[in-house]
6 protein chains.
Amino acid sequence: MRGLAMLPAPLLDDLIDRALLEDLAGGDLTTEATVEPDTQAVGRAIARSPLVSCGEQVFARTFYRVDARLRVESRVPDGRAVTAGATLWVVEGPARSILSAERVALNLVQRMSGIATLTRRYVEALPPGSATRVVDTRKTTPGLRALERWSVRAGGGHNHRDDLGSAVLIKDNHIEAAGGIRAAVERARARAPHTCRIEVEVESLEMLEAALDARADIVMLDNFAPEDLTEAVRRARGRALVEVSGGVTLERIAALAATGVDVISVGALTHSAPAADIALDIERLG
Amino acid sequence: MRGLAMLPAPLLDDLIDRALLEDLAGGDLTTEATVEPDTQAVGRAIARSPLVSCGEQVFARTFYRVDARLRVESRVPDGRAVTAGATLWVVEGPARSILSAERVALNLVQRMSGIATLTRRYVEALPPGSATRVVDTRKTTPGLRALERWSVRAGGGHNHRDDLGSAVLIKDNHIEAAGGIRAAVERARARAPHTCRIEVEVESLEMLEAALDARADIVMLDNFAPEDLTEAVRRARGRALVEVSGGVTLERIAALAATGVDVISVGALTHSAPAADIALDIERLG
Amino acid sequence: MRGLAMLPAPLLDDLIDRALLEDLAGGDLTTEATVEPDTQAVGRAIARSPLVSCGEQVFARTFYRVDARLRVESRVPDGRAVTAGATLWVVEGPARSILSAERVALNLVQRMSGIATLTRRYVEALPPGSATRVVDTRKTTPGLRALERWSVRAGGGHNHRDDLGSAVLIKDNHIEAAGGIRAAVERARARAPHTCRIEVEVESLEMLEAALDARADIVMLDNFAPEDLTEAVRRARGRALVEVSGGVTLERIAALAATGVDVISVGALTHSAPAADIALDIERLG
Amino acid sequence: MRGLAMLPAPLLDDLIDRALLEDLAGGDLTTEATVEPDTQAVGRAIARSPLVSCGEQVFARTFYRVDARLRVESRVPDGRAVTAGATLWVVEGPARSILSAERVALNLVQRMSGIATLTRRYVEALPPGSATRVVDTRKTTPGLRALERWSVRAGGGHNHRDDLGSAVLIKDNHIEAAGGIRAAVERARARAPHTCRIEVEVESLEMLEAALDARADIVMLDNFAPEDLTEAVRRARGRALVEVSGGVTLERIAALAATGVDVISVGALTHSAPAADIALDIERLG
Amino acid sequence: MRGLAMLPAPLLDDLIDRALLEDLAGGDLTTEATVEPDTQAVGRAIARSPLVSCGEQVFARTFYRVDARLRVESRVPDGRAVTAGATLWVVEGPARSILSAERVALNLVQRMSGIATLTRRYVEALPPGSATRVVDTRKTTPGLRALERWSVRAGGGHNHRDDLGSAVLIKDNHIEAAGGIRAAVERARARAPHTCRIEVEVESLEMLEAALDARADIVMLDNFAPEDLTEAVRRARGRALVEVSGGVTLERIAALAATGVDVISVGALTHSAPAADIALDIERLG
Amino acid sequence: MRGLAMLPAPLLDDLIDRALLEDLAGGDLTTEATVEPDTQAVGRAIARSPLVSCGEQVFARTFYRVDARLRVESRVPDGRAVTAGATLWVVEGPARSILSAERVALNLVQRMSGIATLTRRYVEALPPGSATRVVDTRKTTPGLRALERWSVRAGGGHNHRDDLGSAVLIKDNHIEAAGGIRAAVERARARAPHTCRIEVEVESLEMLEAALDARADIVMLDNFAPEDLTEAVRRARGRALVEVSGGVTLERIAALAATGVDVISVGALTHSAPAADIALDIERLG
């Protein structure tokens, strides 16, 4: 995971503060009533089933925002697969603050680790030595895109374009509006930043030919039958990158990759990953 | 779904605006390049598999925030089960604005309908005539709690407490910190608002007795064995509401309800519901 | 005041930053012109009349947000009654920063201590040994509810429900809309979270009977005549908690409590408490 | 009240949205459960005691932000004194939305009308024909300064400087830091915008002389004894505006004004005004 | 300017509201005091010198946010060159609101039109028929990037990448950190989204060769001498897009374009464009 | 620059965070791919041409917000003129964080130093010993007013009023609406805070007489011919401060000041200052 940087603090603080206020704006009735202010505790985040760990920076920052006296230590770097029972992160300090922040921290890292874990399964289903990328889509949770794209990378996947302003992806509606593939690609090339690749979604070999003739940089094959897929890859080779999307499952991914496509995009990585099972075991100190 | 009100506009606008900026702050390169400003279109949100519809207000508001000239019509009220192919909502107006808002609107309603659909499955798995409630937990997506609690209600479930300031739920850590169940319940009763019920999580029949003796209003039976569960319900009857939590699955829910528990809480309703499959079919007008 | 926790930092920072920008966004002309950047000073917050101190965390955070080099020390914990002349909190560091933050800090703690002081007067007016609670209402200053509820607790009072999503309180308008008390309570019980108590506002003994028959958890007696109040408490005993509201004054509170009511709610605690008289005495150092 | 403009929408929306979220972020359990979505109602804001009305724009905007279908009509302009029983404003539309917004709207206008009412009492206590101004201070509720200054104007008072960047007010601490009144005034005049007046707080006739010699534009007499006050006004006439502050009460204000001071500043107008008693009477329609 | 879409409302509202609050949070003393609330007026935005018009949507939205009763009409589309005296936009409605919003609206459109005007001068300095693009950089005003990129397009220029997440641009520091051009390009290609082009900044013909060998998609020639520039373009032809940056002036641009480079990037378009001279002539109505 | 204070942290953080998110919300693709997380570096901000340095606090805070481990040292105080090649500020720490924050930090300080530099040129163009002030206007960049006013002060200029709520400036439209200069000034004096000066814009000697008769505190001479200007100054002496505005250039400023005017306001200081040329030279450590 050498490539993982830190998420910028202003972005993290903004979403973490909102999450905390959603749960804590009215106080924590239970903790305030039952736990003394000077009680110290340690909390250990434990994987309760095998998973790919993700969210160390978010975990630490959530506790820190609730109480700057809390100290968090990471035991496992993001992107590492662990077995059930592994300790991922440890937080220590005032028991009240740990209890009040616990749920928000877990909600975030369970989602992140869930996405990393599902992504890893897709990546490991690729044929050995495959050069095909597994990538996410813009089907992310509103407000959490940066965290989810990070989680996909931690899982071993790659990211697709970040947002509507980062790259061009021409779909059937755009093609119809522009009056054909050639016109659509030419307009996009004339107007979009020269730093963007231009991708065209195609649904048939005829459309593929048109996209290649228009010098699209990437072609996205949407729901191609297996035999057409092989032919499409053959035709596109050397002329454009080939992305496959639509109905991709863990069962089909090896066969898809075997056709030699460059990229397989999977919406389920972010829109349907089940939460990873992580619990916080809290122990009173002193 | 007679009980569903509107979500307050300030809450919706805040989260929708953030979601839109996440995707649109850099503009929509493809649409700006390929679609003329005066092209009109209609978009139909179609269920691509059977689902419980949820999100009409959010869908409309998302398009409206991008372009106040767009008009949205709802064909199916929140909470209605539909078959594949059903048209849920229709948006009409400038094609550019529909295309630019499409992904954010779908991301929101796919999540909401996914939760409503999963909740409905749990509710329908209860024995006929059962008085047991299926409820959510605080394991919601950070930033989207209000939408997700709404979706649970649309699916036929009920909500647990909204946040840490709405009710008291005493867990093992609180009990340890307070020096026993009786002390914890008494402190909570002495300090929490008189409008809150006091719930205690118990892990054995002994703890249950202590909680009932302390006059807890609700007892949460955590991971009880089936035989203990029946005994627990018998003892608590007339003294406290009984909630079951932990490891609840669709397969087990009928048996759990048959014991006569009042409430079954299911974290998976919100943390692991797969997105419902909804697409926007866009047709150019004129 | 053993039960007082810390207010969560994101909530505090948000409101303190707004308060500071309201006063400081255009700079501090006077201080910038007349005080050298390296002048050091100490400021002592002094009670100028007897009061119940409240706001130590807010006081410290306000100065800290203006200048992280300032150090604040608390001399009196929240909820402690002090005499005129008492030193409550001390801030030390660059004189410019102390002068620029002074007014905002005082505005906040004068309000908080004012509420705590007024609440204490109500609480102390209860008969000796009374089990009756003095509680606040939702008649709080917009934007400052969390601080004001905290202040009520510091004064020895209790909180009513935090917001419209925390508990059910059925008023006459709801009763009319639902078609009667029984229908209203049943609908609320059927739909609200099982963690909420259900309270009904009643204006006569007949309505009280209806509310008790419907198994309301709490009845609020609104503007009852003294003789009816006694009778109402007699009837409700063992069936529901009894809250009194409307026209409660310091003069009447002992008599109200003597009837045995559980709760007396007083809107004036937050909507009409005069500010406590606290000044910041600043002394130049060095 | 010819001089009252509208408050700018961005400022209002921001504070009203926050106030609404504080109360409504978790939904309105009672209303959702008991009131049908299609029930229509009218709500009349009624003065329950004599008061000076203030807040028509805020009242309307609060309801509008909850539900854009609500229509609000103002019966009484801001700044008008009314008797008990007067109808101030009327809102009509969906009953649910009226009930959910009621408390926030009332909390705002009760505070605003409370300030306007108290200010009017001070203004009316001035001797007939007096040219003396009653002005507010920066002792406003954090987050609500613009509303409170507006309310003071509606009550017939005037505003002091808006914030630390609007004008110069040199206090004793500034004088000490600058090394004397002359140095302080000269520095301020050299650096502050030429559009600002320069005010100096003085505590004795000696300090007054120094301030006048330094050509202060305004002198603030802090806690002067009555005889010194008369002498101070005599000396300052024609050389500087004279403001009196500190310990001003309704009882003393006529005597203070009779000395011929230009301005009397009263912190209590905003920090200690009791809420005006305004209720919303809701009637079901149809 | 067929390609200009609308900027998304949430983005505009956020920045316009902030700009308005910066100027109006303390009210508009002058207008409130001197203009009657019912005075109507029309304001005409007039070009006082030749310019390329830009900002119609922003102009309208600013007035609308201050007062929804104001109506704005655009006379000139964004991107049109006009002579001195041309009327660009017209606003009509309450005079107070026009006066209070005037400065903020002008500050925005003067900047936008200034950028469009300067960009147009660069574009028109290209040789006739040139295929070279004039593009902006990330040297934009913090907080206004979307408006400024829009203005560059209105002026006939193109945009470079939107932000650090939209495309890869490898500079000398990155090359040093990665251990050479080849390693840097390979790492970027292995990790960045497949939708991004990879650009490398080079300072010599040797570095150019290395970048081309590493299959960079774009090479940026930084401060090349004229003779090297011609040679660089010759070598890169067919292998990578060529961008020139550094020290580009209006005088040099024709010569640069004549070398056949694809893209010339000019930081001054956004960081040093003087404001266009636009005034609002206000006429009282009725 | 003894008078320069610190800008308040809440104001800085808000605008810096927004600027960072504008550039970094999608991550930094290049740096993440090519630079190792543990690489350390030092960055030196170098003046590439003579300039007046401004922005040390903003520079430091920008890097700190991206990564709290970065340490920034200032070599030159704000307001100091430096020659080309001077090192202004130095940042040291993780190379990734320096690279990711570089552009935003430079965009801010280049603008600030550009304004300070241009202001200094105007100030130095005044006749030796002149008492005339060079002041800014409200023609600032939306969202950056506080920074730009600071920069003007650093350059040796003074500020005009901060915003519409800080002082009164009556223009021709206000005069027309009020029915003449006398009426406008009297209304303003009757209503505006006593801490504000009242300024009137005049376009002829007749208007000047009217303004002086109405006892305006400041008169602004708009586009007066040179001979009228001298006469105007003569007439106003001892009765009002005199400000000149409109079409002020570096060439004209000495002559304007020689007439004895008190204040010359120059919109170009903020709306048309070219960015100062500052680069960040980054060197890898270790």
# chains A, B, ... in the order shown; residues from 1 in each chain; ligands from 1

call {"tool": "residues_around", "arguments": {"residues": "Gly55 (chain F)", "least_positions_apart": "5", "cutoff": "12 Å", "atoms": "only C-alpha atoms", "output": "number ranges by chain"}}
result
F: 4, 6-7, 12, 45, 60-62, 74-80, 88-89, 105-116, 146-155, 276, 278

call {"tool": "interface_residues", "arguments": {"of": "chain E", "to": "chain A", "cutoff": "10 Å", "atoms": "only C-alpha atoms", "output": "MDAnalysis selection string"}}
result
chainID E and resid 3 133 135:136 153 157:169 187:188 190:199 217:218 241 243 262:263

call {"tool": "select_by_dssp", "arguments": {"residues": "region 96-267 of chain A", "states": "strand (DSSP E or B)", "output": "list in words"}}
result
Arg133, Val134, Val135, His158, Val168, Leu169, Ile170, Cys196, Ile198, Glu199, Val200, Glu201, Val202, Ile218, Val219, Met220, Leu221, Asp222, Leu241, Val242, Glu243, Val244, Ser245, Val263, Ile264 and Ser265 of chain A

call {"tool": "atom_distance", "arguments": {"atom1": "CA of Ala268 (chain F)", "atom2": "CA of Ile98 (chain E)"}}
result
23.5 Å

call {"tool": "select_by_dssp", "arguments": {"residues": "region 19-84 of chain A", "states": "helix (DSSP H, G or I)", "output": "ChimeraX atom specification"}}
result
/A:19-24,29-34,56-66

call {"tool": "write_last_selection", "arguments": {"atoms": "C-alpha atoms", "output": "compact mmCIF listing (two decimals), in the first residue's frame"}}
result
# COMPACT_ATOMS: atom_id res chain seq x y z
CA ALA A 19 -20.99 12.60 11.85
CA LEU A 20 -20.27 13.35 15.49
CA LEU A 21 -22.89 16.06 15.69
CA GLU A 22 -25.44 13.71 14.15
CA ASP A 23 -24.97 11.40 17.12
CA LEU A 24 -23.77 13.67 19.91
CA LEU A 29 -27.14 10.69 28.31
CA THR A 30 -25.98 7.23 29.28
CA THR A 31 -22.30 7.94 29.59
CA GLU A 32 -22.76 11.23 31.40
CA ALA A 33 -25.00 9.54 33.96
CA THR A 34 -23.04 6.39 34.60
CA GLU A 56 -6.70 4.12 10.56
CA GLN A 57 -6.53 7.86 9.97
CA VAL A 58 -10.31 8.26 10.23
CA PHE A 59 -10.47 6.16 13.39
CA ALA A 60 -7.82 8.26 15.10
CA ARG A 61 -9.25 11.58 13.97
CA THR A 62 -12.76 10.74 15.18
CA PHE A 63 -11.59 10.09 18.71
CA TYR A 64 -9.29 13.07 18.63
CA ARG A 65 -12.11 15.42 17.58
CA VAL A 66 -14.19 14.31 20.57

call {"tool": "residues_around", "arguments": {"residues": "Leu229 (chain E)", "least_positions_apart": "4", "cutoff": "12 Å", "atoms": "only C-alpha atoms", "output": "list in words"}}
result
Val202, Glu203, Ser204, Leu205, Leu208, Val219, Met220, Leu221, Asp222, Asn223, Phe224, Ala225, Val233, Arg234, Arg235, Ala236, Val242, Glu243, Val244, Ser245, Ala255, Leu256, Ala257, Ala258, Thr259, Gly260 and Val261 of chain E

call {"tool": "write_last_selection", "arguments": {"atoms": "N, CA and C atoms", "output": "compact mmCIF listing (two decimals), in the first residue's frame"}}
result
# COMPACT_ATOMS: atom_id res chain seq x y z
N VAL E 202 9.39 19.28 -18.45
CA VAL E 202 10.80 19.05 -18.79
C VAL E 202 11.49 20.38 -19.03
N GLU E 203 12.79 20.37 -18.75
CA GLU E 203 13.54 21.63 -18.84
C GLU E 203 14.67 21.57 -19.87
N SER E 204 14.76 20.43 -20.56
CA SER E 204 15.82 20.30 -21.56
C SER E 204 15.41 19.25 -22.57
N LEU E 205 16.15 19.21 -23.68
CA LEU E 205 15.84 18.20 -24.70
C LEU E 205 16.14 16.80 -24.17
N LEU E 208 13.22 15.82 -22.23
CA LEU E 208 12.13 15.57 -23.17
C LEU E 208 12.22 14.15 -23.72
N VAL E 219 3.88 16.59 -22.71
CA VAL E 219 5.12 17.16 -22.17
C VAL E 219 4.96 18.67 -22.06
N MET E 220 5.38 19.18 -20.92
CA MET E 220 5.32 20.62 -20.71
C MET E 220 6.73 21.17 -20.80
N LEU E 221 6.96 22.03 -21.76
CA LEU E 221 8.29 22.61 -21.96
C LEU E 221 8.37 23.89 -21.14
N ASP E 222 9.26 23.86 -20.17
CA ASP E 222 9.31 24.97 -19.24
C ASP E 222 10.47 25.89 -19.59
N ASN E 223 10.15 27.10 -20.00
CA ASN E 223 11.17 28.10 -20.27
C ASN E 223 12.22 27.65 -21.29
N PHE E 224 11.78 27.01 -22.36
CA PHE E 224 12.72 26.59 -23.41
C PHE E 224 13.15 27.79 -24.24
N ALA E 225 14.39 27.76 -24.66
CA ALA E 225 14.86 28.77 -25.61
C ALA E 225 14.16 28.51 -26.95
N VAL E 233 9.32 20.43 -30.37
CA VAL E 233 8.05 20.14 -31.02
C VAL E 233 8.26 19.09 -32.11
N ARG E 234 9.31 19.19 -32.84
CA ARG E 234 9.60 18.23 -33.91
C ARG E 234 9.73 16.81 -33.33
N ARG E 235 10.46 16.72 -32.22
CA ARG E 235 10.68 15.37 -31.65
C ARG E 235 9.40 14.79 -31.06
N ALA E 236 8.56 15.66 -30.49
CA ALA E 236 7.39 15.15 -29.77
C ALA E 236 6.23 14.82 -30.70
N VAL E 242 2.16 18.72 -26.75
CA VAL E 242 3.21 19.62 -26.27
C VAL E 242 2.58 20.88 -25.68
N GLU E 243 2.94 21.14 -24.44
CA GLU E 243 2.48 22.35 -23.76
C GLU E 243 3.69 23.23 -23.45
N VAL E 244 3.50 24.52 -23.62
CA VAL E 244 4.56 25.47 -23.27
C VAL E 244 4.09 26.30 -22.09
N SER E 245 4.99 26.53 -21.15
CA SER E 245 4.60 27.38 -20.02
C SER E 245 5.79 28.19 -19.56
N ALA E 255 4.65 33.90 -31.71
CA ALA E 255 5.84 33.13 -32.06
C ALA E 255 5.81 31.74 -31.45
N LEU E 256 5.35 31.67 -30.23
CA LEU E 256 5.25 30.36 -29.57
C LEU E 256 4.30 29.45 -30.33
N ALA E 257 3.15 29.99 -30.69
CA ALA E 257 2.17 29.18 -31.39
C ALA E 257 2.69 28.74 -32.75
N ALA E 258 3.47 29.59 -33.37
CA ALA E 258 3.98 29.28 -34.71
C ALA E 258 4.89 28.06 -34.71
N THR E 259 5.40 27.71 -33.56
CA THR E 259 6.24 26.50 -33.49
C THR E 259 5.42 25.23 -33.57
N GLY E 260 4.10 25.37 -33.46
CA GLY E 260 3.25 24.19 -33.57
C GLY E 260 2.92 23.53 -32.25
N VAL E 261 3.20 24.20 -31.14
CA VAL E 261 2.84 23.60 -29.85
C VAL E 261 1.33 23.48 -29.75

call {"tool": "residues_around", "arguments": {"residues": "region 35-43 of chain F", "least_positions_apart": "2", "cutoff": "10 Å", "atoms": "only C-alpha atoms", "output": "ChimeraX atom specification"}}
result
/A:2-6 /E:173-179,184,187 /F:30-33,45-46,70-72,89-99,102,279-286

call {"tool": "atom_distance", "arguments": {"atom1": "CA of Arg145 (chain C)", "atom2": "CA of Val52 (chain C)"}}
result
18.7 Å

call {"tool": "closest_residue", "arguments": {"among": "C:Arg215, C:Lys171, C:Arg44, C:Arg121", "to": "Val200 (chain C)", "atoms": "only C-alpha atoms"}}
result
C:Lys171

call {"tool": "atom_distance", "arguments": {"atom1": "CA of Thr141 (chain A)", "atom2": "CA of Ala9 (chain A)"}}
result
19.8 Å
